[in-house]
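As stored in upload25.pdb (PDB, C-alpha atoms, pLDDT in the B column):
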ATOM      1  CA  MET W   1     -37.004  -9.839 -17.954  1.00 47.00           C
ATOM      2  CA  THR W   2     -37.603 -13.002 -19.945  1.00 45.00           C
ATOM      3  CA  PRO W   3     -40.462 -13.372 -22.448  1.00 42.00           C
ATOM      4  CA  GLU W   4     -41.748 -16.282 -20.352  1.00 40.00           C
ATOM      5  CA  PHE W   5     -42.165 -14.074 -17.264  1.00 43.00           C
ATOM      6  CA  ALA W   6     -43.667 -11.283 -19.332  1.00 44.00           C
ATOM      7  CA  ASP W   7     -46.263 -13.686 -20.763  1.00 43.00           C
ATOM      8  CA  THR W   8     -47.104 -14.894 -17.278  1.00 40.00           C
ATOM      9  CA  ILE W   9     -48.024 -11.446 -15.957  1.00 43.00           C
ATOM     10  CA  ALA W  10     -49.661 -10.315 -19.189  1.00 42.00           C
ATOM     11  CA  GLY W  11     -52.200 -13.106 -19.426  1.00 42.00           C
ATOM     12  CA  THR W  12     -53.566 -14.112 -22.805  1.00 41.00           C
ATOM     13  CA  THR W  13     -52.667 -12.226 -25.950  1.00 42.00           C
ATOM     14  CA  SER W  14     -56.289 -12.157 -27.177  1.00 49.00           C
ATOM     15  CA  HIS W  15     -56.845  -8.851 -25.377  1.00 75.00           C
ATOM     16  CA  ARG W  16     -55.146  -5.548 -25.977  1.00 93.00           C
ATOM     17  CA  ARG W  17     -53.072  -4.199 -23.108  1.00 95.00           C
ATOM     18  CA  VAL W  18     -51.717  -0.909 -21.814  1.00 97.00           C
ATOM     19  CA  LEU W  19     -48.211  -1.273 -20.444  1.00 98.00           C
ATOM     20  CA  LEU W  20     -47.139   0.796 -17.428  1.00 98.00           C
ATOM     21  CA  VAL W  21     -43.463   0.743 -16.471  1.00 98.00           C
ATOM     22  CA  TRP W  22     -42.571   2.515 -13.217  1.00 98.00           C
ATOM     23  CA  ASP W  23     -38.879   3.430 -12.854  1.00 97.00           C
ATOM     24  CA  ALA W  24     -38.720   3.456  -9.048  1.00 97.00           C
ATOM     25  CA  PRO W  25     -35.076   4.622  -8.646  1.00 94.00           C
ATOM     26  CA  ASN W  26     -35.591   7.552 -11.013  1.00 95.00           C
ATOM     27  CA  MET W  27     -38.987   8.564  -9.630  1.00 96.00           C
ATOM     28  CA  ASP W  28     -37.658   8.394  -6.073  1.00 94.00           C
ATOM     29  CA  MET W  29     -34.727  10.607  -7.045  1.00 92.00           C
ATOM     30  CA  GLY W  30     -37.031  13.139  -8.715  1.00 92.00           C
ATOM     31  CA  LEU W  31     -39.360  13.266  -5.738  1.00 94.00           C
ATOM     32  CA  GLY W  32     -36.423  13.620  -3.349  1.00 91.00           C
ATOM     33  CA  GLY W  33     -35.125  16.526  -5.419  1.00 87.00           C
ATOM     34  CA  ILE W  34     -38.451  18.345  -5.054  1.00 88.00           C
ATOM     35  CA  LEU W  35     -38.786  17.628  -1.336  1.00 88.00           C
ATOM     36  CA  GLY W  36     -35.130  18.061  -0.461  1.00 81.00           C
ATOM     37  CA  GLY W  37     -35.063  14.710   1.299  1.00 84.00           C
ATOM     38  CA  ARG W  38     -36.968  11.501   1.915  1.00 86.00           C
ATOM     39  CA  PRO W  39     -40.748  11.803   1.521  1.00 88.00           C
ATOM     40  CA  THR W  40     -43.084  11.585   4.479  1.00 88.00           C
ATOM     41  CA  ALA W  41     -46.289   9.547   4.308  1.00 88.00           C
ATOM     42  CA  ALA W  42     -48.125  12.600   2.936  1.00 90.00           C
ATOM     43  CA  HIS W  43     -45.764  12.809  -0.026  1.00 94.00           C
ATOM     44  CA  ARG W  44     -45.339   9.151  -0.940  1.00 95.00           C
ATOM     45  CA  PRO W  45     -47.122   8.197  -4.170  1.00 97.00           C
ATOM     46  CA  ARG W  46     -50.318   6.227  -3.642  1.00 97.00           C
ATOM     47  CA  PHE W  47     -50.216   3.345  -6.076  1.00 98.00           C
ATOM     48  CA  ASP W  48     -53.887   2.535  -5.560  1.00 97.00           C
ATOM     49  CA  ALA W  49     -54.759   5.988  -6.938  1.00 98.00           C
ATOM     50  CA  LEU W  50     -52.332   5.454  -9.823  1.00 98.00           C
ATOM     51  CA  GLY W  51     -53.975   2.098 -10.483  1.00 98.00           C
ATOM     52  CA  ARG W  52     -57.445   3.640 -10.658  1.00 98.00           C
ATOM     53  CA  TRP W  53     -56.126   6.249 -13.097  1.00 98.00           C
ATOM     54  CA  LEU W  54     -54.563   3.479 -15.213  1.00 98.00           C
ATOM     55  CA  LEU W  55     -57.867   1.601 -15.317  1.00 97.00           C
ATOM     56  CA  LYS W  56     -59.585   4.733 -16.635  1.00 97.00           C
ATOM     57  CA  GLN W  57     -56.874   5.195 -19.265  1.00 96.00           C
ATOM     58  CA  SER W  58     -57.309   1.576 -20.325  1.00 96.00           C
ATOM     59  CA  ALA W  59     -61.079   1.989 -20.590  1.00 95.00           C
ATOM     60  CA  ALA W  60     -60.637   5.106 -22.735  1.00 94.00           C
ATOM     61  CA  LEU W  61     -58.296   3.253 -25.093  1.00 92.00           C
ATOM     62  CA  GLY W  62     -60.743   0.350 -25.159  1.00 91.00           C
ATOM     63  CA  ALA W  63     -63.442   2.688 -26.375  1.00 91.00           C
ATOM     64  CA  ARG W  64     -61.037   4.069 -28.973  1.00 87.00           C
ATOM     65  CA  PHE W  65     -60.063   0.646 -30.297  1.00 84.00           C
ATOM     66  CA  HIS W  66     -63.519  -0.919 -29.801  1.00 88.00           C
ATOM     67  CA  ALA W  67     -61.855  -3.735 -27.904  1.00 90.00           C
ATOM     68  CA  GLU W  68     -61.193  -4.890 -24.370  1.00 93.00           C
ATOM     69  CA  VAL W  69     -58.022  -3.251 -23.067  1.00 95.00           C
ATOM     70  CA  GLU W  70     -56.394  -4.471 -19.878  1.00 95.00           C
ATOM     71  CA  PRO W  71     -53.687  -2.674 -17.880  1.00 97.00           C
ATOM     72  CA  GLU W  72     -50.381  -4.352 -17.107  1.00 97.00           C
ATOM     73  CA  ALA W  73     -48.344  -2.480 -14.513  1.00 98.00           C
ATOM     74  CA  THR W  74     -44.818  -3.304 -13.364  1.00 98.00           C
ATOM     75  CA  VAL W  75     -42.641  -1.481 -10.851  1.00 98.00           C
ATOM     76  CA  PHE W  76     -38.896  -1.860 -11.398  1.00 98.00           C
ATOM     77  CA  THR W  77     -36.701  -1.318  -8.365  1.00 97.00           C
ATOM     78  CA  ASN W  78     -33.226  -1.917  -6.944  1.00 95.00           C
ATOM     79  CA  ILE W  79     -32.754  -3.517  -3.548  1.00 94.00           C
ATOM     80  CA  VAL W  80     -29.689  -2.291  -1.663  1.00 92.00           C
ATOM     81  CA  PRO W  81     -28.056  -5.126   0.325  1.00 92.00           C
ATOM     82  CA  GLY W  82     -29.315  -5.066   3.907  1.00 92.00           C
ATOM     83  CA  SER W  83     -32.508  -3.150   3.081  1.00 92.00           C
ATOM     84  CA  ALA W  84     -34.793  -6.096   2.302  1.00 92.00           C
ATOM     85  CA  GLU W  85     -36.706  -5.930   5.580  1.00 93.00           C
ATOM     86  CA  VAL W  86     -37.400  -2.225   5.079  1.00 93.00           C
ATOM     87  CA  VAL W  87     -38.453  -2.576   1.445  1.00 94.00           C
ATOM     88  CA  ARG W  88     -40.476  -5.809   1.793  1.00 96.00           C
ATOM     89  CA  PRO W  89     -43.724  -4.181   3.081  1.00 96.00           C
ATOM     90  CA  TRP W  90     -43.693  -1.745   0.150  1.00 96.00           C
ATOM     91  CA  VAL W  91     -43.133  -4.534  -2.383  1.00 97.00           C
ATOM     92  CA  GLU W  92     -45.865  -6.676  -0.835  1.00 97.00           C
ATOM     93  CA  ALA W  93     -48.269  -3.725  -0.824  1.00 97.00           C
ATOM     94  CA  LEU W  94     -47.622  -3.139  -4.528  1.00 97.00           C
ATOM     95  CA  ARG W  95     -48.272  -6.785  -5.353  1.00 97.00           C
ATOM     96  CA  ASN W  96     -51.420  -6.754  -3.251  1.00 97.00           C
ATOM     97  CA  VAL W  97     -52.772  -3.776  -5.223  1.00 96.00           C
ATOM     98  CA  GLY W  98     -52.127  -5.538  -8.538  1.00 97.00           C
ATOM     99  CA  TYR W  99     -48.649  -4.494  -9.658  1.00 98.00           C
ATOM    100  CA  ALA W 100     -45.929  -6.867 -10.732  1.00 98.00           C
ATOM    101  CA  VAL W 101     -42.539  -6.002  -9.231  1.00 98.00           C
ATOM    102  CA  PHE W 102     -39.148  -6.590 -10.823  1.00 97.00           C
ATOM    103  CA  ALA W 103     -36.545  -6.341  -8.052  1.00 96.00           C
ATOM    104  CA  LYS W 104     -32.809  -6.437  -8.634  1.00 94.00           C
ATOM    105  CA  PRO W 105     -30.002  -6.259  -6.058  1.00 94.00           C
ATOM    106  CA  LYS W 106     -27.994  -3.035  -6.167  1.00 90.00           C
ATOM    107  CA  LEU W 107     -24.531  -4.584  -6.006  1.00 87.00           C
ATOM    108  CA  THR W 108     -22.598  -1.954  -8.007  1.00 86.00           C
ATOM    109  CA  ASP W 109     -23.227   1.461  -9.529  1.00 80.00           C
ATOM    110  CA  ASP W 110     -23.926  -0.292 -12.835  1.00 80.00           C
ATOM    111  CA  SER W 111     -26.462  -2.808 -11.511  1.00 80.00           C
ATOM    112  CA  ASP W 112     -29.491  -0.617 -12.146  1.00 90.00           C
ATOM    113  CA  VAL W 113     -32.759  -1.668 -13.794  1.00 95.00           C
ATOM    114  CA  ASP W 114     -32.592   0.425 -16.997  1.00 94.00           C
ATOM    115  CA  ALA W 115     -31.755  -2.515 -19.267  1.00 95.00           C
ATOM    116  CA  ASP W 116     -34.443  -4.660 -17.653  1.00 96.00           C
ATOM    117  CA  MET W 117     -37.102  -2.005 -18.238  1.00 97.00           C
ATOM    118  CA  LEU W 118     -36.059  -1.565 -21.862  1.00 97.00           C
ATOM    119  CA  ASP W 119     -36.047  -5.340 -22.411  1.00 97.00           C
ATOM    120  CA  HIS W 120     -39.568  -5.574 -20.961  1.00 97.00           C
ATOM    121  CA  ILE W 121     -40.805  -2.774 -23.212  1.00 97.00           C
ATOM    122  CA  GLN W 122     -39.259  -4.440 -26.263  1.00 97.00           C
ATOM    123  CA  VAL W 123     -40.892  -7.786 -25.438  1.00 96.00           C
ATOM    124  CA  ARG W 124     -44.256  -6.052 -25.138  1.00 95.00           C
ATOM    125  CA  ARG W 125     -43.634  -3.977 -28.268  1.00 95.00           C
ATOM    126  CA  HIS W 126     -43.243  -7.118 -30.365  1.00 94.00           C
ATOM    127  CA  SER W 127     -46.102  -9.020 -28.708  1.00 92.00           C
ATOM    128  CA  PRO W 128     -49.642  -8.861 -30.098  1.00 92.00           C
ATOM    129  CA  GLY W 129     -52.151  -6.442 -28.645  1.00 93.00           C
ATOM    130  CA  LEU W 130     -50.122  -3.466 -27.404  1.00 95.00           C
ATOM    131  CA  ALA W 131     -52.581  -0.566 -27.118  1.00 96.00           C
ATOM    132  CA  GLY W 132     -50.418   1.943 -25.243  1.00 97.00           C
ATOM    133  CA  VAL W 133     -47.175   2.449 -23.344  1.00 98.00           C
ATOM    134  CA  ILE W 134     -46.857   4.529 -20.188  1.00 98.00           C
ATOM    135  CA  VAL W 135     -43.437   5.082 -18.621  1.00 98.00           C
ATOM    136  CA  ALA W 136     -43.032   6.756 -15.245  1.00 98.00           C
ATOM    137  CA  SER W 137     -39.510   8.198 -15.380  1.00 96.00           C
ATOM    138  CA  ALA W 138     -37.581  11.353 -16.183  1.00 90.00           C
ATOM    139  CA  ASP W 139     -34.725   9.376 -17.749  1.00 93.00           C
ATOM    140  CA  GLY W 140     -34.745  10.713 -21.290  1.00 91.00           C
ATOM    141  CA  GLN W 141     -31.343   9.208 -22.027  1.00 91.00           C
ATOM    142  CA  ALA W 142     -32.716   5.692 -21.561  1.00 93.00           C
ATOM    143  CA  PHE W 143     -36.275   6.038 -22.824  1.00 96.00           C
ATOM    144  CA  ARG W 144     -36.505   8.840 -25.376  1.00 95.00           C
ATOM    145  CA  GLU W 145     -35.488   6.977 -28.541  1.00 96.00           C
ATOM    146  CA  PRO W 146     -37.300   3.675 -27.792  1.00 96.00           C
ATOM    147  CA  LEU W 147     -40.507   5.547 -26.951  1.00 97.00           C
ATOM    148  CA  LEU W 148     -40.294   7.682 -30.084  1.00 97.00           C
ATOM    149  CA  GLU W 149     -39.908   4.507 -32.152  1.00 97.00           C
ATOM    150  CA  ILE W 150     -43.027   3.043 -30.541  1.00 97.00           C
ATOM    151  CA  ALA W 151     -44.962   6.266 -31.074  1.00 97.00           C
ATOM    152  CA  ALA W 152     -43.943   6.216 -34.751  1.00 97.00           C
ATOM    153  CA  GLU W 153     -45.656   2.824 -35.016  1.00 96.00           C
ATOM    154  CA  GLY W 154     -48.951   4.423 -34.016  1.00 95.00           C
ATOM    155  CA  VAL W 155     -48.988   3.261 -30.386  1.00 96.00           C
ATOM    156  CA  PRO W 156     -49.969   6.013 -27.909  1.00 96.00           C
ATOM    157  CA  VAL W 157     -47.023   6.815 -25.616  1.00 98.00           C
ATOM    158  CA  THR W 158     -47.258   8.656 -22.296  1.00 98.00           C
ATOM    159  CA  VAL W 159     -44.531   9.716 -19.874  1.00 98.00           C
ATOM    160  CA  ILE W 160     -45.360  10.319 -16.216  1.00 98.00           C
ATOM    161  CA  GLY W 161     -42.888  12.373 -14.228  1.00 96.00           C
ATOM    162  CA  PHE W 162     -42.196  15.738 -12.658  1.00 94.00           C
ATOM    163  CA  ARG W 163     -42.164  18.734 -14.967  1.00 90.00           C
ATOM    164  CA  GLU W 164     -39.001  20.035 -13.278  1.00 87.00           C
ATOM    165  CA  HIS W 165     -37.018  17.004 -14.480  1.00 89.00           C
ATOM    166  CA  ALA W 166     -38.636  15.833 -17.734  1.00 91.00           C
ATOM    167  CA  SER W 167     -38.200  18.646 -20.240  1.00 89.00           C
ATOM    168  CA  TRP W 168     -37.401  16.073 -22.951  1.00 92.00           C
ATOM    169  CA  ALA W 169     -40.935  14.686 -22.695  1.00 94.00           C
ATOM    170  CA  LEU W 170     -42.630  18.045 -22.120  1.00 91.00           C
ATOM    171  CA  THR W 171     -41.285  19.396 -25.401  1.00 91.00           C
ATOM    172  CA  CYS W 172     -41.875  16.267 -27.495  1.00 94.00           C
ATOM    173  CA  ASP W 173     -44.985  16.409 -29.687  1.00 94.00           C
ATOM    174  CA  GLU W 174     -45.053  12.634 -30.182  1.00 96.00           C
ATOM    175  CA  ILE W 175     -45.264  11.905 -26.454  1.00 97.00           C
ATOM    176  CA  GLU W 176     -47.964  12.896 -23.990  1.00 97.00           C
ATOM    177  CA  PHE W 177     -46.539  14.122 -20.684  1.00 97.00           C
ATOM    178  CA  ILE W 178     -48.466  13.921 -17.410  1.00 97.00           C
ATOM    179  CA  ASP W 179     -47.133  15.371 -14.185  1.00 96.00           C
ATOM    180  CA  LEU W 180     -47.505  12.783 -11.428  1.00 97.00           C
ATOM    181  CA  GLU W 181     -49.095  15.331  -9.115  1.00 96.00           C
ATOM    182  CA  ASP W 182     -51.864  15.933 -11.687  1.00 97.00           C
ATOM    183  CA  ILE W 183     -53.140  12.364 -11.279  1.00 98.00           C
ATOM    184  CA  PRO W 184     -56.020  12.562  -8.766  1.00 97.00           C
ATOM    185  CA  GLY W 185     -55.257  11.259  -5.297  1.00 97.00           C
ATOM    186  CA  VAL W 186     -51.653  10.201  -5.907  1.00 97.00           C
ATOM    187  CA  PHE W 187     -50.410  12.507  -3.133  1.00 96.00           C
ATOM    188  CA  ARG W 188     -52.267  13.116   0.112  1.00 95.00           C
ATOM    189  CA  GLU W 189     -50.914  16.677   0.284  1.00 93.00           C
ATOM    190  CA  PRO W 190     -49.614  19.049  -2.425  1.00 91.00           C
ATOM    191  CA  LEU W 191     -45.910  18.858  -3.117  1.00 91.00           C
ATOM    192  CA  PRO W 192     -43.906  21.902  -1.967  1.00 85.00           C
ATOM    193  CA  ARG W 193     -43.046  22.983  -5.490  1.00 83.00           C
ATOM    194  CA  ILE W 194     -41.766  26.356  -6.621  1.00 74.00           C
ATOM    195  CA  SER W 195     -40.937  26.589 -10.297  1.00 69.00           C
ATOM    196  CA  LEU W 196     -38.374  29.167 -11.364  1.00 75.00           C
ATOM    197  CA  ASP W 197     -40.207  29.631 -14.652  1.00 71.00           C
ATOM    198  CA  ALA W 198     -43.560  30.281 -12.942  1.00 66.00           C
ATOM    199  CA  LEU W 199     -42.744  32.419  -9.917  1.00 75.00           C
ATOM    200  CA  PRO W 200     -45.428  34.560  -8.273  1.00 73.00           C
ATOM    201  CA  ASP W 201     -45.181  38.302  -8.969  1.00 78.00           C
ATOM    202  CA  GLU W 202     -44.262  38.976  -5.352  1.00 84.00           C
ATOM    203  CA  GLY W 203     -41.394  36.464  -5.457  1.00 86.00           C
ATOM    204  CA  ALA W 204     -40.848  33.306  -3.441  1.00 75.00           C
ATOM    205  CA  TRP W 205     -38.410  32.000  -0.853  1.00 77.00           C
ATOM    206  CA  LEU W 206     -36.403  28.922  -1.845  1.00 74.00           C
ATOM    207  CA  THR W 207     -35.387  27.235   1.387  1.00 70.00           C
ATOM    208  CA  PRO W 208     -32.119  25.269   1.632  1.00 72.00           C
ATOM    209  CA  PHE W 209     -32.225  21.502   1.267  1.00 65.00           C
ATOM    210  CA  ARG W 210     -29.779  21.119   4.161  1.00 71.00           C
ATOM    211  CA  PRO W 211     -28.049  23.353   6.736  1.00 79.00           C
ATOM    212  CA  LEU W 212     -24.673  24.919   6.005  1.00 89.00           C
ATOM    213  CA  SER W 213     -23.274  22.966   8.944  1.00 84.00           C
ATOM    214  CA  ALA W 214     -23.602  19.824   6.811  1.00 79.00           C
ATOM    215  CA  LEU W 215     -20.457  21.032   5.012  1.00 88.00           C
ATOM    216  CA  LEU W 216     -18.478  20.163   8.155  1.00 87.00           C
ATOM    217  CA  SER W 217     -19.610  16.530   8.267  1.00 73.00           C
TER     218      SER W 217
END
Turn this file's structure into structure tokens for me.
Amino acid sequence: MTPEFADTIAGTTSHRRVLLVWDAPNMDMGLGGILGGRPTAAHRPRFDALGRWLLKQSAALGARFHAEVEPEATVFTNIVPGSAEVVRPWVEALRNVGYAVFAKPKLTDDSDVDADMLDHIQVRRHSPGLAGVIVASADGQAFREPLLEIAAEGVPVTVIGFREHASWALTCDEIEFIDLEDIPGVFREPLPRISLDALPDEGAWLTPFRPLSALLS
């Protein structure tokens, strides 16, 4: 992402801003791992609820810094060739809520959006007025070191993800971790989660993600 585009969606630099970066490929993979497949409408994240939470976080930081703090939220996603018609309503809905979207064609295994997210964070890191960074991803390999560097500069850093997949953030004192399901209203129904490190005393059934017959296909 170029500095020119980043300045366009950030507005003026006279205000402080909270940066939210949503790693759509990684978050989709994490959610699919919990559900064992594609989410239904009840288990798709509601970005309007996430937006309301982000506004509250921005207001809290504004009170802390005694300044106006505005949220800047961007969803980064890959578009598989031939899927544009399916993905377009989702992208338009995000933009209608108030999110910027960075979309990149998924042409090869290497054409992901990791570098673009890191470039965007670096542009914001070196621009005036950064009041906080929030990254929605479980990708510790990509984000851990850059986020620790930002935290060392005194900027509050938060990682949103699923506790099953983000142990690197859960165990890091410099980073605040928030489970996506703990944000009010993000999911219409509770996720079907069973944690092996928090099993009920009576035990729990872990159902298969797919039938054994799938081995024959």
Point-to-point distance in Å for atom CA of Pro190 of chain W and atom CA of Pro89 of chain W: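 We find that atom CA of Pro89 of chain W and atom CA of Pro190 of chain W lie 24.6 Å from each other.
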Taking the file as shown, find all residues satisfying the PyMOL selection byres ((chain W and resi 135-147) around 8) and write them as a PDB file with C-alpha atoms, in the frame of the given file.
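Wrote it out as part_13.pdb, contents follow:
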ATOM      1  CA  LEU W  20     -47.139   0.796 -17.428  1.00 98.00           C
ATOM      2  CA  VAL W  21     -43.463   0.743 -16.471  1.00 98.00           C
ATOM      3  CA  TRP W  22     -42.571   2.515 -13.217  1.00 98.00           C
ATOM      4  CA  ASP W  23     -38.879   3.430 -12.854  1.00 97.00           C
ATOM      5  CA  ALA W  24     -38.720   3.456  -9.048  1.00 97.00           C
ATOM      6  CA  ASN W  26     -35.591   7.552 -11.013  1.00 95.00           C
ATOM      7  CA  MET W  27     -38.987   8.564  -9.630  1.00 96.00           C
ATOM      8  CA  GLY W  30     -37.031  13.139  -8.715  1.00 92.00           C
ATOM      9  CA  ASP W 114     -32.592   0.425 -16.997  1.00 94.00           C
ATOM     10  CA  LEU W 118     -36.059  -1.565 -21.862  1.00 97.00           C
ATOM     11  CA  VAL W 133     -47.175   2.449 -23.344  1.00 98.00           C
ATOM     12  CA  ILE W 134     -46.857   4.529 -20.188  1.00 98.00           C
ATOM     13  CA  LEU W 148     -40.294   7.682 -30.084  1.00 97.00           C
ATOM     14  CA  GLU W 149     -39.908   4.507 -32.152  1.00 97.00           C
ATOM     15  CA  ILE W 150     -43.027   3.043 -30.541  1.00 97.00           C
ATOM     16  CA  ALA W 151     -44.962   6.266 -31.074  1.00 97.00           C
ATOM     17  CA  VAL W 157     -47.023   6.815 -25.616  1.00 98.00           C
ATOM     18  CA  THR W 158     -47.258   8.656 -22.296  1.00 98.00           C
ATOM     19  CA  VAL W 159     -44.531   9.716 -19.874  1.00 98.00           C
ATOM     20  CA  ILE W 160     -45.360  10.319 -16.216  1.00 98.00           C
ATOM     21  CA  GLY W 161     -42.888  12.373 -14.228  1.00 96.00           C
ATOM     22  CA  PHE W 162     -42.196  15.738 -12.658  1.00 94.00           C
ATOM     23  CA  HIS W 165     -37.018  17.004 -14.480  1.00 89.00           C
ATOM     24  CA  ALA W 166     -38.636  15.833 -17.734  1.00 91.00           C
ATOM     25  CA  TRP W 168     -37.401  16.073 -22.951  1.00 92.00           C
ATOM     26  CA  ALA W 169     -40.935  14.686 -22.695  1.00 94.00           C
ATOM     27  CA  ILE W 175     -45.264  11.905 -26.454  1.00 97.00           C
TER      28      ILE W 175
END
Per residue of segment 109-217 of chain W within 7 Å of segment 33-53 of chain W, note the shortest atom pair and the distance in Å to one decimal, counting only C-alpha atoms, and order the rows by chain and increasing residue number, as a tab-separated table.
residue	atom	partner	partner_atom	distance
W:Pro184	CA	W:Ala49	CA	6.9
W:Gly185	CA	W:Ala49	CA	5.5
W:Val186	CA	W:Arg46	CA	4.8
W:Phe187	CA	W:Pro45	CA	5.5
W:Arg188	CA	W:Ala42	CA	5.0
W:Glu189	CA	W:Ala42	CA	5.6
W:Leu191	CA	W:His43	CA	6.8
W:Pro192	CA	W:Leu35	CA	6.7
W:Arg193	CA	W:Ile34	CA	6.5
W:Phe209	CA	W:Gly36	CA	4.8
Expected axis-aligned box over every listed atom of segment 134-149 of chain W, 6 Å added per side, centre plus edges in Å to one decimal, as lines of an AutoDock Vina configuration file:
center_x = -39.1
center_y = 7.5
center_z = -23.7
size_x = 27.5
size_y = 19.7
size_z = 28.9
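The space between atom CA of Thr207 of chain W and atom CA of Ile183 of chain W spans 26.4 Å.
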W:Val69, W:Ala115, W:Ala152, W:Leu19 ranked by distance to Asp173 of chain W, top pick (using all atoms listed in the file): W:Ala152
Point-to-point distance from atom CA of Gln57 of chain W to atom CA of Val18 of chain W, Å rounded to tenths: 8.4 Å
Pick from W:Val113, W:Leu206, W:Leu107, W:Leu180 nearest to Gly82 of chain W, counting all atoms listed in the file: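 For Gly82 of chain W, the nearest of the given residues is W:Leu107.
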Completion of segment 141-147 of chain W up to all heavy atoms, as a short mmCIF file (atom, residue, chain, number, x, y, z; two decimals), in the frame of the given file:
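Output contents, as saved in out.cif:
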data_model
loop_
_atom_site.label_atom_id
_atom_site.label_comp_id
_atom_site.auth_asym_id
_atom_site.auth_seq_id
_atom_site.Cartn_x
_atom_site.Cartn_y
_atom_site.Cartn_z
N GLN W 141 -32.47 9.88 -21.39
CA GLN W 141 -31.34 9.21 -22.03
C GLN W 141 -31.68 7.75 -22.31
O GLN W 141 -31.31 7.21 -23.37
CB GLN W 141 -30.10 9.30 -21.14
CG GLN W 141 -28.85 8.69 -21.77
CD GLN W 141 -27.61 8.92 -20.93
OE1 GLN W 141 -27.65 9.59 -19.90
NE2 GLN W 141 -26.50 8.38 -21.37
N ALA W 142 -32.38 7.11 -21.39
CA ALA W 142 -32.72 5.69 -21.56
C ALA W 142 -33.95 5.49 -22.41
O ALA W 142 -34.01 4.56 -23.23
CB ALA W 142 -32.91 5.04 -20.19
N PHE W 143 -34.96 6.33 -22.26
CA PHE W 143 -36.28 6.04 -22.82
C PHE W 143 -36.64 6.82 -24.08
O PHE W 143 -37.53 6.40 -24.82
CB PHE W 143 -37.36 6.29 -21.77
CG PHE W 143 -37.35 5.29 -20.65
CD1 PHE W 143 -36.96 5.67 -19.38
CD2 PHE W 143 -37.75 3.97 -20.87
CE1 PHE W 143 -36.95 4.75 -18.34
CE2 PHE W 143 -37.74 3.05 -19.84
CZ PHE W 143 -37.34 3.44 -18.57
N ARG W 144 -36.02 7.96 -24.32
CA ARG W 144 -36.51 8.84 -25.38
C ARG W 144 -36.59 8.14 -26.73
O ARG W 144 -37.66 8.11 -27.37
CB ARG W 144 -35.61 10.08 -25.48
CG ARG W 144 -36.14 11.11 -26.47
CD ARG W 144 -35.25 12.36 -26.52
NE ARG W 144 -35.85 13.40 -27.34
CZ ARG W 144 -35.74 13.47 -28.67
NH1 ARG W 144 -35.04 12.54 -29.32
NH2 ARG W 144 -36.32 14.45 -29.34
N GLU W 145 -35.50 7.57 -27.21
CA GLU W 145 -35.49 6.98 -28.54
C GLU W 145 -36.41 5.76 -28.65
O GLU W 145 -37.18 5.65 -29.62
CB GLU W 145 -34.06 6.62 -28.95
CG GLU W 145 -33.18 7.85 -29.19
CD GLU W 145 -33.79 8.82 -30.19
OE1 GLU W 145 -34.35 8.35 -31.21
OE2 GLU W 145 -33.71 10.04 -29.97
N PRO W 146 -36.37 4.81 -27.69
CA PRO W 146 -37.30 3.68 -27.79
C PRO W 146 -38.77 4.11 -27.80
O PRO W 146 -39.58 3.54 -28.55
CB PRO W 146 -36.97 2.84 -26.55
CG PRO W 146 -35.56 3.18 -26.22
CD PRO W 146 -35.42 4.63 -26.58
N LEU W 147 -39.11 5.11 -27.00
CA LEU W 147 -40.51 5.55 -26.95
C LEU W 147 -40.90 6.26 -28.24
O LEU W 147 -42.04 6.13 -28.70
CB LEU W 147 -40.73 6.45 -25.74
CG LEU W 147 -40.63 5.77 -24.37
CD1 LEU W 147 -40.94 6.76 -23.26
CD2 LEU W 147 -41.56 4.56 -24.28
#
